[in-house]
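Listing of coords17.csv, CSV, C-alpha atoms and all ligand atoms
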```csv
chain,number,residue,atom,x,y,z
A,1,MET,CA,30.5,-13.7,-33.7
A,2,VAL,CA,34.1,-14.8,-34.2
A,3,LEU,CA,34.8,-17.4,-31.5
A,4,PRO,CA,38.1,-18.6,-30.3
A,5,ALA,CA,38.9,-22.3,-30.1
A,6,MET,CA,38.5,-23.4,-26.6
A,7,ILE,CA,39.8,-26.1,-24.4
A,8,ALA,CA,37.8,-27.5,-21.5
A,9,ALA,CA,40.5,-28.5,-19.1
A,10,GLY,CA,39.4,-31.4,-16.9
A,11,ALA,CA,35.8,-31.3,-18.1
A,12,ARG,CA,35.8,-35.0,-19.0
A,13,ILE,CA,38.5,-37.2,-17.6
A,14,ALA,CA,38.5,-40.9,-18.2
A,15,PRO,CA,39.4,-42.9,-15.1
A,16,GLU,CA,42.7,-44.1,-16.5
A,17,LEU,CA,43.8,-40.7,-17.9
A,18,THR,CA,46.7,-38.8,-16.7
A,19,ARG,CA,46.2,-35.8,-18.9
A,20,PRO,CA,43.1,-33.8,-19.8
A,21,ILE,CA,41.0,-34.5,-22.7
A,22,ARG,CA,41.0,-31.7,-25.2
A,23,ALA,CA,37.6,-30.7,-26.7
A,24,VAL,CA,36.8,-27.8,-28.9
A,25,LEU,CA,33.8,-26.0,-27.7
A,26,ARG,CA,31.6,-23.3,-29.1
A,27,CYS,CA,31.5,-20.6,-26.5
A,28,ILE,CA,29.1,-17.7,-26.1
A,29,ARG,CA,28.6,-14.9,-23.7
A,30,VAL,CA,26.4,-15.7,-20.8
A,31,PRO,CA,23.6,-13.2,-20.3
A,32,GLY,CA,24.1,-10.8,-17.5
A,33,HIS,CA,22.4,-11.5,-14.2
A,34,GLU,CA,19.9,-8.8,-14.7
A,35,SER,CA,18.7,-10.0,-18.1
A,36,ALA,CA,18.5,-13.5,-16.8
A,37,ARG,CA,16.3,-12.4,-14.0
A,38,ARG,CA,14.1,-10.5,-16.4
A,39,THR,CA,13.7,-13.6,-18.6
A,40,ASP,CA,12.7,-15.7,-15.6
A,41,ALA,CA,10.0,-13.2,-14.7
A,42,ASN,CA,8.5,-13.5,-18.1
A,43,LEU,CA,8.9,-17.2,-18.5
A,44,THR,CA,5.5,-18.1,-17.0
A,45,ASP,CA,3.7,-15.9,-19.5
A,46,MET,CA,5.7,-17.3,-22.3
A,47,LEU,CA,5.1,-20.9,-21.4
A,48,SER,CA,1.3,-20.3,-21.0
A,49,GLN,CA,1.2,-19.9,-24.8
A,50,LYS,CA,1.0,-23.0,-26.9
A,51,PRO,CA,3.2,-22.5,-30.0
A,52,SER,CA,3.3,-25.4,-32.4
A,53,ALA,CA,6.7,-26.9,-33.0
A,54,VAL,CA,8.4,-29.2,-35.5
A,55,ALA,CA,11.6,-30.9,-34.4
A,56,VAL,CA,14.5,-31.6,-36.6
A,57,VAL,CA,16.8,-34.3,-35.5
A,58,LEU,CA,20.3,-34.6,-37.0
A,59,ALA,CA,21.4,-38.1,-37.4
A,60,GLY,CA,23.8,-37.9,-40.3
A,61,GLY,CA,27.0,-37.2,-38.5
A,62,ASN,CA,30.1,-36.3,-40.5
A,63,GLY,CA,30.7,-39.8,-41.7
A,64,SER,CA,33.7,-41.8,-40.4
A,65,ARG,CA,37.2,-42.3,-41.6
A,66,PHE,CA,36.7,-45.9,-40.5
A,67,GLY,CA,34.6,-48.0,-42.8
A,68,ALA,CA,33.5,-50.4,-40.2
A,69,ALA,CA,32.3,-47.8,-37.8
A,70,GLN,CA,28.7,-47.7,-36.8
A,71,ASN,CA,27.1,-44.2,-36.8
A,72,LYS,CA,27.0,-43.5,-33.0
A,73,VAL,CA,23.4,-42.4,-33.1
A,74,TYR,CA,22.5,-46.0,-33.8
A,75,LEU,CA,24.6,-47.5,-31.0
A,76,PRO,CA,22.6,-49.5,-28.5
A,77,LEU,CA,21.8,-47.6,-25.3
A,78,ALA,CA,19.7,-49.1,-22.5
A,79,GLY,CA,17.6,-51.2,-24.8
A,80,ARG,CA,17.2,-48.8,-27.7
A,81,ARG,CA,19.4,-47.0,-30.1
A,82,VAL,CA,20.7,-43.6,-29.1
A,83,ILE,CA,18.6,-41.8,-31.6
A,84,SER,CA,15.4,-43.4,-30.4
A,85,TRP,CA,15.8,-41.8,-26.9
A,86,SER,CA,16.2,-38.4,-28.6
A,87,VAL,CA,13.1,-38.9,-30.8
A,88,GLU,CA,11.0,-40.2,-28.0
A,89,SER,CA,11.8,-37.3,-25.7
A,90,LEU,CA,10.9,-34.8,-28.4
A,91,ALA,CA,7.7,-36.7,-29.2
A,92,ARG,CA,6.7,-36.3,-25.5
A,93,VAL,CA,6.7,-32.6,-25.8
A,94,PRO,CA,3.0,-31.5,-26.2
A,95,ASN,CA,3.9,-28.7,-28.6
A,96,VAL,CA,5.8,-30.9,-31.0
A,97,THR,CA,3.6,-32.0,-33.8
A,98,GLY,CA,6.2,-33.7,-36.0
A,99,ILE,CA,9.8,-34.8,-36.0
A,100,VAL,CA,11.9,-34.6,-39.2
A,101,VAL,CA,15.0,-36.8,-39.0
A,102,ALA,CA,17.9,-36.1,-41.3
A,103,VAL,CA,19.7,-39.3,-42.0
A,104,ARG,CA,22.5,-40.5,-44.3
A,105,ARG,CA,21.1,-41.7,-47.5
A,106,ASP,CA,22.7,-45.1,-47.1
A,107,GLU,CA,21.3,-45.5,-43.6
A,108,ARG,CA,17.8,-44.5,-44.5
A,109,ALA,CA,16.3,-48.0,-44.5
A,110,PHE,CA,18.1,-48.9,-41.2
A,111,ALA,CA,16.9,-45.6,-39.6
A,112,ALA,CA,13.4,-46.3,-40.7
A,113,ALA,CA,13.5,-49.8,-39.2
A,114,VAL,CA,15.0,-48.6,-35.9
A,115,LEU,CA,12.5,-45.8,-35.4
A,116,GLU,CA,9.5,-47.9,-36.5
A,117,ARG,CA,10.4,-50.6,-34.0
A,118,GLU,CA,11.5,-48.5,-31.1
A,119,VAL,CA,9.4,-45.4,-31.2
A,120,PRO,CA,6.4,-46.5,-33.4
A,121,ASP,CA,4.1,-43.8,-32.2
A,122,ALA,CA,6.4,-40.9,-32.9
A,123,PRO,CA,5.3,-38.7,-35.9
A,124,VAL,CA,8.5,-39.1,-37.9
A,125,LEU,CA,9.5,-38.0,-41.4
A,126,LEU,CA,12.8,-39.1,-42.8
A,127,VAL,CA,14.8,-36.9,-45.1
A,128,ASP,CA,18.3,-37.3,-46.6
A,129,GLY,CA,21.0,-35.5,-44.7
A,130,GLY,CA,23.8,-33.6,-46.4
A,131,GLN,CA,27.6,-33.4,-46.4
A,132,SER,CA,27.6,-31.1,-43.4
A,133,ARG,CA,25.5,-30.4,-40.4
A,134,HIS,CA,24.4,-27.2,-42.1
A,135,GLU,CA,23.3,-29.0,-45.3
A,136,SER,CA,21.4,-31.6,-43.3
A,137,GLU,CA,19.6,-28.8,-41.5
A,138,TYR,CA,18.7,-27.1,-44.7
A,139,ASN,CA,17.4,-30.3,-46.3
A,140,ALA,CA,15.1,-30.8,-43.3
A,141,PHE,CA,13.9,-27.2,-43.3
A,142,ARG,CA,13.2,-27.4,-47.1
A,143,ALA,CA,11.2,-30.6,-46.5
A,144,ILE,CA,9.1,-28.9,-43.9
A,145,GLU,CA,8.6,-25.9,-46.2
A,146,GLU,CA,7.8,-27.9,-49.3
A,147,ARG,CA,5.3,-30.1,-47.5
A,148,GLY,CA,3.5,-27.1,-46.1
A,149,ILE,CA,4.0,-28.3,-42.6
A,150,ASN,CA,3.1,-25.4,-40.3
A,151,ALA,CA,5.0,-24.7,-37.1
A,152,ASP,CA,5.5,-21.6,-35.1
A,153,VAL,CA,9.0,-22.7,-34.1
A,154,LEU,CA,11.6,-25.2,-35.2
A,155,VAL,CA,13.5,-27.3,-32.7
A,156,VAL,CA,16.9,-28.4,-34.0
A,157,HIS,CA,18.4,-31.3,-32.0
A,158,ASP,CA,21.5,-33.4,-32.2
A,159,GLY,CA,20.5,-37.1,-32.5
A,160,ALA,CA,23.6,-38.0,-30.4
A,161,ARG,CA,22.1,-36.2,-27.3
A,162,PRO,CA,19.8,-38.9,-26.0
A,163,LEU,CA,19.1,-37.5,-22.5
A,164,ILE,CA,17.2,-34.4,-23.5
A,165,SER,CA,14.4,-33.7,-21.2
A,166,PRO,CA,11.0,-32.8,-22.6
A,167,ASP,CA,10.7,-30.1,-19.9
A,168,LEU,CA,13.8,-28.3,-21.2
A,169,VAL,CA,12.5,-28.5,-24.8
A,170,SER,CA,9.2,-27.0,-23.6
A,171,ARG,CA,10.9,-24.1,-21.9
A,172,LEU,CA,13.1,-23.5,-25.0
A,173,ILE,CA,10.0,-23.5,-27.2
A,174,GLY,CA,8.3,-20.9,-25.0
A,175,VAL,CA,11.3,-18.6,-24.9
A,176,ALA,CA,11.9,-18.9,-28.6
A,177,TYR,CA,8.3,-18.1,-29.4
A,178,ALA,CA,8.5,-15.1,-27.2
A,179,VAL,CA,11.8,-13.6,-28.2
A,180,GLY,CA,12.8,-15.3,-31.5
A,181,GLY,CA,15.4,-17.9,-30.5
A,182,ALA,CA,16.5,-19.9,-27.5
A,183,ILE,CA,19.4,-22.1,-26.9
A,184,PRO,CA,20.4,-24.1,-23.8
A,185,ALA,CA,23.8,-23.3,-22.3
A,186,LEU,CA,25.9,-24.3,-19.3
A,187,PRO,CA,28.5,-22.1,-17.6
A,188,ALA,CA,32.0,-23.3,-18.4
A,189,PRO,CA,34.2,-21.9,-15.7
A,190,ASP,CA,37.0,-24.3,-16.7
A,191,VAL,CA,37.2,-23.1,-20.3
A,192,VAL,CA,40.3,-21.3,-21.5
A,193,ALA,CA,41.2,-19.9,-25.0
A,194,LEU,CA,43.6,-21.9,-27.0
A,195,GLY,CA,46.2,-19.9,-28.9
A,196,GLU,CA,48.8,-20.9,-31.5
A,197,GLU,CA,50.8,-24.0,-30.8
A,198,GLY,CA,48.4,-25.0,-28.1
A,199,LEU,CA,49.3,-22.1,-25.7
A,200,ILE,CA,46.6,-21.0,-23.3
A,201,GLU,CA,45.4,-17.5,-23.7
A,202,PRO,CA,43.0,-15.4,-21.6
A,203,VAL,CA,39.4,-15.6,-22.6
A,204,MET,CA,38.2,-12.4,-24.2
A,205,ASP,CA,37.6,-9.6,-21.7
A,206,ASP,CA,37.3,-12.2,-18.9
A,207,ALA,CA,33.7,-12.5,-19.9
A,208,PRO,CA,31.8,-15.6,-18.7
A,209,VAL,CA,31.5,-18.3,-21.4
A,210,ALA,CA,29.2,-21.2,-21.7
A,211,ARG,CA,28.9,-24.5,-23.4
A,212,VAL,CA,26.1,-24.5,-25.8
A,213,GLN,CA,23.9,-27.6,-26.1
A,214,THR,CA,21.0,-28.6,-28.3
A,215,PRO,CA,18.1,-28.4,-29.0
A,216,GLN,CA,18.3,-24.9,-30.4
A,217,VAL,CA,14.9,-23.4,-31.1
A,218,PHE,CA,13.9,-20.5,-33.4
A,219,ARG,CA,10.8,-19.0,-34.9
A,220,THR,CA,10.3,-20.8,-38.2
A,221,GLY,CA,10.4,-17.6,-40.3
A,222,ALA,CA,13.8,-16.6,-39.0
A,223,VAL,CA,15.3,-20.1,-39.7
A,224,LEU,CA,14.0,-20.3,-43.2
A,225,THR,CA,15.1,-16.7,-44.0
A,226,ALA,CA,18.5,-17.4,-42.7
A,227,TYR,CA,19.0,-20.7,-44.4
A,228,HIS,CA,17.8,-19.5,-47.8
A,229,ALA,CA,20.1,-16.6,-47.5
A,230,ALA,CA,23.0,-18.9,-46.5
A,231,ALA,CA,22.3,-21.1,-49.5
A,232,ARG,CA,22.5,-18.0,-51.8
A,233,GLU,CA,25.7,-16.9,-50.3
A,234,GLY,CA,27.4,-20.2,-49.8
A,235,PHE,CA,27.6,-19.7,-46.0
A,236,ILE,CA,28.0,-22.7,-43.8
A,237,GLY,CA,27.3,-22.2,-40.2
A,238,THR,CA,28.7,-24.2,-37.3
A,239,ASP,CA,25.3,-24.6,-35.7
A,240,THR,CA,21.8,-23.3,-36.2
A,241,ALA,CA,22.3,-20.2,-34.0
A,242,SER,CA,25.4,-19.1,-35.9
A,243,CYS,CA,23.4,-19.0,-39.2
A,244,VAL,CA,20.3,-17.3,-37.7
A,245,GLU,CA,22.5,-14.7,-36.0
A,246,HIS,CA,24.5,-14.1,-39.2
A,247,PHE,CA,21.5,-13.5,-41.5
A,248,THR,CA,18.8,-12.1,-39.2
A,249,ASP,CA,18.5,-9.8,-36.2
A,250,THR,CA,16.7,-12.5,-34.2
A,251,VAL,CA,17.3,-12.2,-30.5
A,252,VAL,CA,18.8,-15.5,-29.3
A,253,GLN,CA,18.3,-16.0,-25.6
A,254,THR,CA,20.3,-18.5,-23.6
A,255,ILE,CA,18.5,-20.4,-20.9
A,256,PRO,CA,20.2,-22.8,-18.4
A,257,GLY,CA,20.9,-26.1,-20.0
A,258,ASP,CA,21.0,-29.5,-18.4
A,259,ASP,CA,24.2,-31.1,-17.4
A,260,ARG,CA,22.7,-34.5,-18.1
A,261,ASN,CA,22.1,-33.5,-21.7
A,262,ILE,CA,25.4,-34.9,-22.8
A,263,LYS,CA,26.4,-35.5,-26.4
A,264,VAL,CA,27.8,-39.0,-26.9
A,265,THR,CA,31.4,-38.2,-27.8
A,266,TYR,CA,33.6,-40.4,-25.5
A,267,PRO,CA,32.9,-44.0,-24.7
A,268,GLN,CA,32.3,-43.1,-21.0
A,269,ASP,CA,29.4,-41.0,-22.2
A,270,LEU,CA,27.6,-44.2,-23.1
A,271,PHE,CA,28.2,-45.6,-19.7
A,272,THR,CA,26.9,-42.4,-18.1
A,273,ALA,CA,23.8,-42.3,-20.3
A,274,GLU,CA,23.0,-45.9,-19.6
A,275,ARG,CA,23.1,-45.3,-15.9
A,276,VAL,CA,20.9,-42.2,-16.2
A,277,LEU,CA,18.3,-44.2,-18.2
A,278,ALA,CA,18.2,-46.8,-15.5
A,279,VAL,CA,18.7,-49.9,-17.7
A,280,THR,CA,16.0,-52.0,-16.2
A,281,HIS,CA,13.1,-49.6,-16.3
A,282,TYR,CA,12.5,-49.0,-19.9
A,283,VAL,CA,9.8,-50.4,-22.1
A,284,MET,CA,11.1,-53.2,-24.3
A,285,ARG,CA,10.0,-53.4,-27.9
B,1,MET,CA,3.8,-38.0,-41.2
B,2,GLY,CA,5.0,-41.6,-41.1
B,3,SER,CA,8.2,-43.5,-41.4
B,4,GLU,CA,8.8,-45.9,-44.2
B,5,GLY,CA,8.5,-49.6,-43.5
B,6,HIS,CA,11.7,-51.7,-43.6
B,7,ALA,CA,13.1,-54.7,-42.0
B,8,ALA,CA,13.6,-54.4,-38.2
B,9,PRO,CA,17.1,-54.3,-36.9
B,10,GLU,CA,18.5,-57.4,-35.4
B,11,TRP,CA,19.8,-57.4,-31.8
B,12,THR,CA,22.4,-60.1,-32.3
B,13,ALA,CA,25.7,-58.3,-32.2
B,14,THR,CA,27.4,-58.1,-28.9
B,15,VAL,CA,30.3,-56.1,-30.3
B,16,TYR,CA,29.9,-52.8,-32.1
B,17,LEU,CA,32.5,-50.6,-33.7
B,18,ALA,CA,32.1,-46.9,-33.5
B,19,GLU,CA,34.1,-43.7,-34.0
B,20,LEU,CA,34.4,-42.0,-30.6
B,21,SER,CA,36.8,-39.6,-29.1
B,22,CYS,CA,39.6,-41.2,-27.1
B,23,GLY,CA,40.8,-39.5,-23.9
B,24,ARG,CA,44.2,-41.0,-24.2
B,25,CYS,CA,44.7,-40.5,-28.0
B,26,ALA,CA,43.0,-37.1,-27.7
B,27,GLU,CA,41.3,-37.6,-31.0
B,28,PRO,CA,38.6,-39.6,-32.6
B,29,SER,CA,39.4,-43.3,-33.1
B,30,LEU,CA,37.6,-46.6,-33.7
B,31,HIS,CA,36.3,-48.0,-30.5
B,32,GLU,CA,35.1,-51.6,-29.8
B,33,LEU,CA,32.0,-51.6,-27.6
B,34,ARG,CA,31.0,-54.9,-25.9
B,35,TYR,CA,27.5,-55.5,-24.7
B,36,ALA,CA,25.9,-58.3,-22.7
B,37,GLY,CA,22.3,-58.2,-23.6
B,38,ARG,CA,21.3,-54.6,-23.5
B,39,ILE,CA,24.1,-53.6,-21.0
B,40,LEU,CA,27.3,-52.0,-22.1
B,41,VAL,CA,30.1,-53.8,-20.4
B,42,ALA,CA,33.4,-52.5,-21.9
B,43,SER,CA,34.9,-50.2,-24.5
B,44,ARG,CA,38.4,-50.3,-26.0
B,45,CYS,CA,40.2,-47.8,-28.3
B,46,THR,CA,41.5,-49.8,-31.2
B,47,ASN,CA,44.3,-47.2,-31.7
B,48,CYS,CA,45.9,-47.1,-28.2
B,49,GLY,CA,44.1,-49.8,-26.3
B,50,ALA,CA,42.6,-47.5,-23.6
B,51,THR,CA,39.9,-49.6,-22.0
B,52,LEU,CA,36.9,-48.9,-19.9
B,53,ARG,CA,35.3,-51.9,-18.3
B,54,ARG,CA,32.5,-52.1,-15.8
B,55,ALA,CA,33.7,-54.1,-12.8
B,56,ASP,CA,31.1,-53.0,-10.2
B,57,PRO,CA,29.1,-55.7,-8.4
B,58,ALA,CA,25.9,-54.3,-9.7
B,59,LEU,CA,26.7,-55.4,-13.2
B,60,TRP,CA,25.7,-59.0,-12.7
B,61,ILE,CA,22.5,-58.0,-10.9
B,62,GLU,CA,21.6,-55.6,-13.7
B,63,TYR,CA,22.4,-58.3,-16.3
B,64,LEU,CA,20.2,-60.9,-14.6
B,65,GLU,CA,17.4,-58.4,-14.2
B,66,ASP,CA,17.7,-57.5,-17.9
B,67,LEU,CA,17.8,-61.2,-18.9
B,68,LEU,CA,14.7,-61.9,-16.8
B,69,GLN,CA,12.9,-59.0,-18.4
B,70,ARG,CA,13.8,-60.2,-21.8
B,71,VAL,CA,12.6,-63.7,-21.1
B,72,ARG,CA,9.4,-62.4,-19.5
B,73,THR,CA,8.5,-60.1,-22.4
B,74,LYS,CA,9.6,-62.5,-25.2
B,75,PRO,CA,6.2,-64.0,-25.9
B,76,ARG,CA,4.6,-60.5,-26.3
B,77,ARG,CA,7.4,-59.3,-28.5
B,78,MET,CA,7.3,-62.4,-30.7
B,79,ALA,CA,3.5,-62.0,-31.0
B,80,THR,CA,3.9,-58.4,-32.0
B,81,ARG,CA,6.4,-59.2,-34.7
B,82,ALA,CA,4.4,-62.2,-36.0
B,83,LEU,CA,1.4,-59.9,-36.4
B,84,ARG,CA,3.4,-57.1,-38.0
B,85,ASN,CA,5.1,-59.3,-40.6
B,86,PRO,CA,4.1,-63.0,-40.4
B,87,ARG,CA,6.1,-64.1,-43.4
B,88,ARG,CA,9.3,-62.6,-42.2
B,89,PHE,CA,8.7,-63.7,-38.7
B,90,PHE,CA,8.2,-67.4,-39.5
B,91,SER,CA,11.0,-67.5,-42.0
B,92,GLU,CA,13.5,-66.2,-39.4
B,93,LEU,CA,12.2,-68.2,-36.5
B,94,PRO,CA,14.3,-71.4,-37.0
B,95,LYS,CA,17.5,-69.5,-37.3
B,96,SER,CA,16.6,-67.4,-34.3
B,97,MET,CA,15.9,-70.4,-32.1
B,98,LEU,CA,19.1,-72.1,-33.1
B,99,THR,CA,21.4,-69.2,-32.5
B,100,LYS,CA,19.8,-68.0,-29.2
B,101,PRO,CA,22.0,-70.3,-27.0
B,102,VAL,CA,25.1,-69.1,-28.8
B,103,HIS,CA,24.2,-65.5,-28.2
B,104,LEU,CA,23.5,-66.3,-24.5
B,105,ALA,CA,26.9,-67.9,-24.1
B,106,GLU,CA,28.5,-64.9,-25.8
B,107,GLU,CA,26.8,-62.6,-23.3
B,108,PHE,CA,28.2,-64.6,-20.4
B,109,ARG,CA,31.7,-64.6,-22.0
B,110,THR,CA,31.4,-60.8,-22.3
B,111,LEU,CA,30.6,-60.4,-18.6
B,112,LEU,CA,33.7,-62.4,-17.6
B,113,PRO,CA,36.8,-60.3,-17.8
B,114,ILE,CA,39.1,-63.2,-18.6
B,115,GLY,CA,40.8,-62.6,-22.0
B,116,LYS,CA,38.5,-59.8,-22.9
B,117,VAL,CA,38.7,-56.1,-23.0
C,1,ZN,ZN,43.0,-44.2,-27.9
```
Take the structure in the file and write it out as structure tokens.
Amino acid sequence: MVLPAMIAAGARIAPELTRPIRAVLRCIRVPGHESARRTDANLTDMLSQKPSAVAVVLAGGNGSRFGAAQNKVYLPLAGRRVISWSVESLARVPNVTGIVVAVRRDERAFAAAVLEREVPDAPVLLVDGGQSRHESEYNAFRAIEERGINADVLVVHDGARPLISPDLVSRLIGVAYAVGGAIPALPAPDVVALGEEGLIEPVMDDAPVARVQTPQVFRTGAVLTAYHAAAREGFIGTDTASCVEHFTDTVVQTIPGDDRNIKVTYPQDLFTAERVLAVTHYVMR
Amino acid sequence: MGSEGHAAPEWTATVYLAELSCGRCAEPSLHELRYAGRILVASRCTNCGATLRRADPALWIEYLEDLLQRVRTKPRRMATRALRNPRRFFSELPKSMLTKPVHLAEEFRTLLPIGKV
């Protein structure tokens, strides 16, 4: 799917701003009302099954131009680091039997210390990330495969999304196990297409678009097939879904995301996340 | 599965630098983030100076609750660390006790907007 660059006008406005923040979003078609209803009707059956899942948390980031910058997944947030909230939420999902965290090589010792201290009971395996998101994913998938870790589905999550709810992860696992793939998405009525020189253009066919979140969940076989094929062809996907869609005919179903499941991008996201996590009500380690 | 054992991160810094997107610059830039204890108090874009600072009355209440909780749980946390790695714990104890008042003073300074971001 070739996707236009998009601008979310007014989606995130800092209090002192007088002009909208520009953010490039990956946009997808929202499923039609009928298909969404059909999915809801089958959801109970899907969730009654207990597929096993292994989570992959991406903590590498793209590096920073600024040498002094801390990787944002290790920023303090309500008494823990951002990534620890992500890992803990995934560990609370009954289906999740293990969590593979892809970290920058030079941050490996620090990541290990953070997770050991803040989420000591989480079943974590650290692997080296790569130069890109895609490469980090592939390293994690290969580690799972090489160690013979069995899972019906793989849950790929961005470590910079600390407010993921275990309930949403469970629903994604159920749907992915049933149809092949599942991603959370939110309607984005304020999204417009960005043409050359920043001019606004109509969105394709006036079709509804959505903001895609993580975790993205797929059957393990589909992910491994897609990423091995991508490695052979030198393909680098923008996210897990783009690679799986490119190399397999896996059905990828969107389900309603969670507007609290923000990705720490702007400083105000940290203030928001801290408020949501109710700073005085967490366990201190 | 299990994580590798390494030194635990220290919670001494009250200022962190991170690359975040700036609403005013409309691009990623280095941001200074100031914490008082475990509470984020302010952020400042080092490129354009755009600042966000908590100024709500609940800030001090939250901070004092946070401080009380830290004090209350300190013995348990110290015991846990001592049991986990006694050698490291006792070697770091003198420095930790000496610098604690300095950190506390820095937290108070962060909460006061005078001369700060
Ligand atoms: Zn700025």
Could you build a table of the residues in chain B lying no more than 8 Å from ligand ZN 1 (chain C), giving for each the nearest pair of atoms and their separation in Å rounded to one decimal place, using all atoms listed in the file, ordered by chain and ascending residue number, as a tab-separated table?
```
residue	atom	partner	partner_atom	distance
B:Ser21	CA	C:ZN1	ZN	7.8
B:Cys22	CA	C:ZN1	ZN	4.6
B:Gly23	CA	C:ZN1	ZN	6.6
B:Arg24	CA	C:ZN1	ZN	5.0
B:Cys25	CA	C:ZN1	ZN	4.1
B:Ala26	CA	C:ZN1	ZN	7.1
B:Glu27	CA	C:ZN1	ZN	7.5
B:Pro28	CA	C:ZN1	ZN	7.9
B:Ser29	CA	C:ZN1	ZN	6.4
B:Arg44	CA	C:ZN1	ZN	7.9
B:Cys45	CA	C:ZN1	ZN	4.6
B:Thr46	CA	C:ZN1	ZN	6.7
B:Asn47	CA	C:ZN1	ZN	5.0
B:Cys48	CA	C:ZN1	ZN	4.1
B:Gly49	CA	C:ZN1	ZN	5.9
B:Ala50	CA	C:ZN1	ZN	5.4
```
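Each of A:Ile255, A:Ile164, A:Val264, A:Val212 was checked against chain B using all atoms listed in the file; the smallest atom-to-atom distance is that of A:Val264.
From atom CA of Leu58 of chain A back to atom CA of Arg77 of chain B, the distance works out to 29.1 Å.
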What is the distance, in Å and to one decimal place, between atom CA of Leu52 of chain B and atom CA of Leu20 of chain B? 13.0 Å
What's the 10 Å shell around Ile144 of chain A, counting only C-alpha atoms, without same-chain residues fewer than 3 positions away, as a VMD selection string? chain A and resid 54 56 98 to 100 125 127 138 to 141 147 to 151 154 220 224
In Å, how far is it from atom CA of Val82 of chain A to atom CA of Leu112 of chain B? 25.6 Å
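Using only C-alpha atoms, the nearest neighbour of chain A within the list B:Val102, B:Ile39, B:Ala82, B:Leu59 is B:Ile39.
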Any idea what's packed within 7 Å of Arg54 of chain B, counting all atoms listed in the file, ignoring anything in its chain fewer than 2 positions away? Could you give it as a PyMOL selection string? chain B and resi 41-42+52+56
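Residues in contact with Asp249 of chain A at up to 12 Å, not including ones fewer than 4 positions away on its chain and judged by all atoms listed in the file, are A:Val179, A:Gly180, A:Gly181, A:Phe218, A:Gly221, A:Ala222, A:Val223, A:Thr225, A:Ala226, A:Ala241, A:Ser242, A:Cys243, A:Val244, A:Glu245.
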Can you spit out the residues from that selection as a PDB file, keeping the file's coordinate frame, using C-alpha atoms?
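Contents of again.pdb, freshly written:
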```pdb
ATOM      1  CA  VAL A 179      11.800 -13.600 -28.200  1.00  0.00           C
ATOM      2  CA  GLY A 180      12.800 -15.300 -31.500  1.00  0.00           C
ATOM      3  CA  GLY A 181      15.400 -17.900 -30.500  1.00  0.00           C
ATOM      4  CA  PHE A 218      13.900 -20.500 -33.400  1.00  0.00           C
ATOM      5  CA  GLY A 221      10.400 -17.600 -40.300  1.00  0.00           C
ATOM      6  CA  ALA A 222      13.800 -16.600 -39.000  1.00  0.00           C
ATOM      7  CA  VAL A 223      15.300 -20.100 -39.700  1.00  0.00           C
ATOM      8  CA  THR A 225      15.100 -16.700 -44.000  1.00  0.00           C
ATOM      9  CA  ALA A 226      18.500 -17.400 -42.700  1.00  0.00           C
ATOM     10  CA  ALA A 241      22.300 -20.200 -34.000  1.00  0.00           C
ATOM     11  CA  SER A 242      25.400 -19.100 -35.900  1.00  0.00           C
ATOM     12  CA  CYS A 243      23.400 -19.000 -39.200  1.00  0.00           C
ATOM     13  CA  VAL A 244      20.300 -17.300 -37.700  1.00  0.00           C
ATOM     14  CA  GLU A 245      22.500 -14.700 -36.000  1.00  0.00           C
TER      15      GLU A 245
END
```
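Using only C-alpha atoms, the shortest contact distance between chain B and any of A:Pro184, A:Gly159, A:Pro94, A:Pro267 is found at A:Pro267.
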Polymer residues at most 12 Å from Glu106 of chain B, only C-alpha atoms, same-chain spacing of 3 or more positions, as number ranges by chain: B: 12-15, 34-37, 99-103, 109-112, 116
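Counting only C-alpha atoms, the residue from A:Glu116, A:Ser89, A:Ala178, A:Thr238 that sits nearest to Asn261 of chain A is A:Ser89.
Nearest to chain B of all the residues A:Leu126, A:Val96, A:Ala273, A:Ala102 is A:Leu126, based on all atoms listed in the file.
Checking A:Ala160, A:Val251, A:Leu270, A:Ala210 one by one against chain B, counting only C-alpha atoms, you find the shortest gap at A:Leu270.
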